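Chemist: Mind looking over this structure? Questions follow.
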Amino acid sequence: MAEKRVALIAGHLVPKGMLAGQVAIITGSGQGIGAEAARLFAHEGAKVVVQDIDDAKANAVAKAINDAGGQAIAVPGDMLNARYIDELVKKAAEFGGGKIHIIVNNAGFTWDGVIHKMTDKQWDTIIALHNTAPFRLVRAAAPYFRVKDGEPRNIINISSTSGVNGNAGQANYGLAKAGVTGLSKVIAKEWGPSFGVRANTVAFGHILTRLTGAKEEGAFVTTPDGSKVALGIPKAQKEAAGSNAHADIPLRRPGTATEAASAILAVASPLFSYVNGQTIMVTGGRNM
């Protein structure tokens, strides 16, 4: 229903789509929220660069967009590799005819542990992926954002309530997700005055993705050194919550990947043209 309303508004405001002619890099868009964002952006006329560490998933998302009449390319690779980031920007600019308009820093995962048991590897990996990689991408793409061509430019960093309110067992993730809100504000102040670049953060609460699914379902990511990191929440922890699992969410349910992606689309769209340097909470009303 929400997606239909957005489409209806967009149809009245911009017949060819709210993002018509814009080139968007969306990291971590081989699945989940990122894949939904790629699909929605393409539906609104954007040329989408699908980035993911998983080649097959990135290519599948790009193919689905192209098969549906949209425009997309897949540029799979590891966001922890600085050389790859330079290549990602180069290929995105080539795809966009020398322009890039939007970056969505969405790639990431959780690697939880209480403070007294968290390893340096857990800490360093999560900070590198959620802070250093977005910074490197924005820095590499600077020549395409620090321009005065009258076209919109947007950078959207994805955060979490863990970065706004904190969450036990997530010192690394909480710090990293707090960090990107600061990055957004700095970009807004540095690149807004002369170049009109908007930079905002979207912070998600409980969204149905592999990060919030049951750990027993077997979802995992592989780090650059080959280590496998299990994703999700232990089934026993979920069962213990029982009927009170969503009691702290006024809407009494988790959000869907499509609802989360729709929020990213809204921030990137002309509907948010005067919103800059802000953190938009997408939590169903949950404030803790």
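Ordering of the structure tokens sets the chain letters (A, B, ...), residue numbers begin anew at 1 in every chain, and ligands are numbered from 1 in the order given.
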Go through region 132-271 of chain A and collect every residue that DSSP, computed from the backbone, puts in strand (DSSP E or B); the answer should be as a list in words.
Modeler: Arg153, Asn154, Ile155, Ile156, Asn157, Ile158, Ser159, Ser160, Gln170, Val197, Arg198, Ala199, Asn200, Thr201, Val202, Ala203, Phe204, Ile207, Ala214, Phe220, Val221, Thr222, Lys228, Val229, Ala230, Ile233 and Gly255 of chain A
Chemist: Any idea what the distance is between CA of Gln31 (chain A) and CA of Ala176 (chain A)?
Modeler: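 Separation between CA of Gln31 (chain A) and CA of Ala176 (chain A): 21.2 Å.
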Chemist: Could I get the residues of region 61-107 of chain A with an atom no further than 10 Å from an atom of region 122-134 of chain A, each paired with its nearest atom pair and that distance in Å to one decimal, using only C-alpha atoms, sorted by chain and residue number, as a Markdown table?
Modeler:
```
| residue | atom | partner | partner_atom | distance |
| --- | --- | --- | --- | --- |
| A:Asp78 | CA | A:Leu129 | CA | 9.5 |
| A:Met79 | CA | A:Ala133 | CA | 5.9 |
| A:Leu80 | CA | A:Ala133 | CA | 6.1 |
| A:Asn81 | CA | A:Ala133 | CA | 8.3 |
| A:Ala82 | CA | A:Ala133 | CA | 7.8 |
| A:Ile85 | CA | A:Ala133 | CA | 8.1 |
| A:Ile103 | CA | A:Pro134 | CA | 9.3 |
| A:Val104 | CA | A:Pro134 | CA | 9.0 |
| A:Asn105 | CA | A:Pro134 | CA | 5.9 |
| A:Asn106 | CA | A:His130 | CA | 8.5 |
| A:Ala107 | CA | A:His130 | CA | 7.5 |
```
Chemist: For a test of reading the model, state the distance in Å between CA of Thr258 (chain A) and CA of Gly32 (chain A), rounded to one decimal.
Modeler: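 Taking CA of Thr258 (chain A) as the start and CA of Gly32 (chain A) as the end point, the length is 8.6 Å.
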Chemist: I want to know what sits within 9 Å of region 265-269 of chain A, based on only C-alpha atoms, with residues of the same chain fewer than 3 positions away left out; could you give that as a list of chain:residue names?
Modeler: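 After dropping sequence-adjacent residues, the list is A:Val6, A:Met18, A:Leu19, A:Ala37, A:Leu40, A:Phe41, A:Glu44, A:Ile102, A:Arg153, A:Asn154, A:Ile155, A:Ile156, A:Arg198, A:Asn200, A:Thr201, A:Val202, A:Ala260, A:Ala261, A:Ser262, A:Phe272, A:Ser273, A:Val275, A:Ile280.
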Chemist: Output as CSV one row per residue of region 72-130 of chain A within 6 Å of region 159-175 of chain A: the closest atom pair and its distance in Å to one decimal place, counting only C-alpha atoms, sorted by chain and residue number ascending.
Modeler:
```
residue,atom,partner,partner_atom,distance
A:Asp112,CA,A:Gln170,CA,5.3
A:Gly113,CA,A:Gly169,CA,4.8
A:Val114,CA,A:Gly169,CA,4.2
A:Trp123,CA,A:Asn172,CA,5.2
```
Chemist: For Phe145 (chain A), which of A:Asn157, A:Thr110, A:Ile264, A:Val197 is the closest residue, counting only C-alpha atoms?
Modeler: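 Of A:Asn157, A:Thr110, A:Ile264, A:Val197, the one nearest Phe145 (chain A) is A:Val197, counting only C-alpha atoms.
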Chemist: Kindly give the distance, in Å, that separates CA of Thr256 (chain A) and CA of Ser29 (chain A), rounded to a single decimal.
Modeler: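 Interatomic distance, CA of Thr256 (chain A) to CA of Ser29 (chain A): 15.3 Å.
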Chemist: Pick from A:Arg253, A:His246, A:Lys117, A:Arg146: nearest to Ala188 (chain A), with only C-alpha atoms counted?
Modeler: A:Arg146
Chemist: Need to verify the contact set: Asp149 (chain A), 12 Å, only C-alpha atoms, exclusion of same-chain residues closer than 2 positions in sequence. Can you return it as an mmCIF file with C-alpha atoms, in the first residue's frame?
Modeler:
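So the final result, stored in around.cif, reads:
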```
data_model
loop_
_atom_site.group_PDB
_atom_site.id
_atom_site.type_symbol
_atom_site.label_atom_id
_atom_site.label_comp_id
_atom_site.auth_asym_id
_atom_site.auth_seq_id
_atom_site.Cartn_x
_atom_site.Cartn_y
_atom_site.Cartn_z
ATOM 1 C CA LYS A 99 27.983 11.371 -13.914
ATOM 2 C CA ILE A 100 27.032 9.897 -10.555
ATOM 3 C CA HIS A 101 24.144 11.414 -8.596
ATOM 4 C CA TYR A 144 31.241 13.610 -9.418
ATOM 5 C CA PHE A 145 29.562 15.351 -6.472
ATOM 6 C CA ARG A 146 31.606 18.525 -6.179
ATOM 7 C CA VAL A 147 30.118 19.867 -9.410
ATOM 8 C CA GLU A 151 21.494 18.376 -11.102
ATOM 9 C CA PRO A 152 20.636 16.850 -7.712
ATOM 10 C CA ARG A 153 23.259 14.958 -5.723
ATOM 11 C CA SER A 194 28.770 25.272 -2.888
ATOM 12 C CA PHE A 195 27.483 22.175 -4.630
ATOM 13 C CA GLY A 196 23.977 21.562 -3.262
ATOM 14 C CA VAL A 197 24.790 18.013 -2.188
#
```
Chemist: Ranking A:Val180, A:Ala247, A:Ile25, A:Ala72 by minimum distance to His206 (chain A) and counting only C-alpha atoms, which one comes first?
Modeler: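 Closest residue, counting only C-alpha atoms: A:Ala247.
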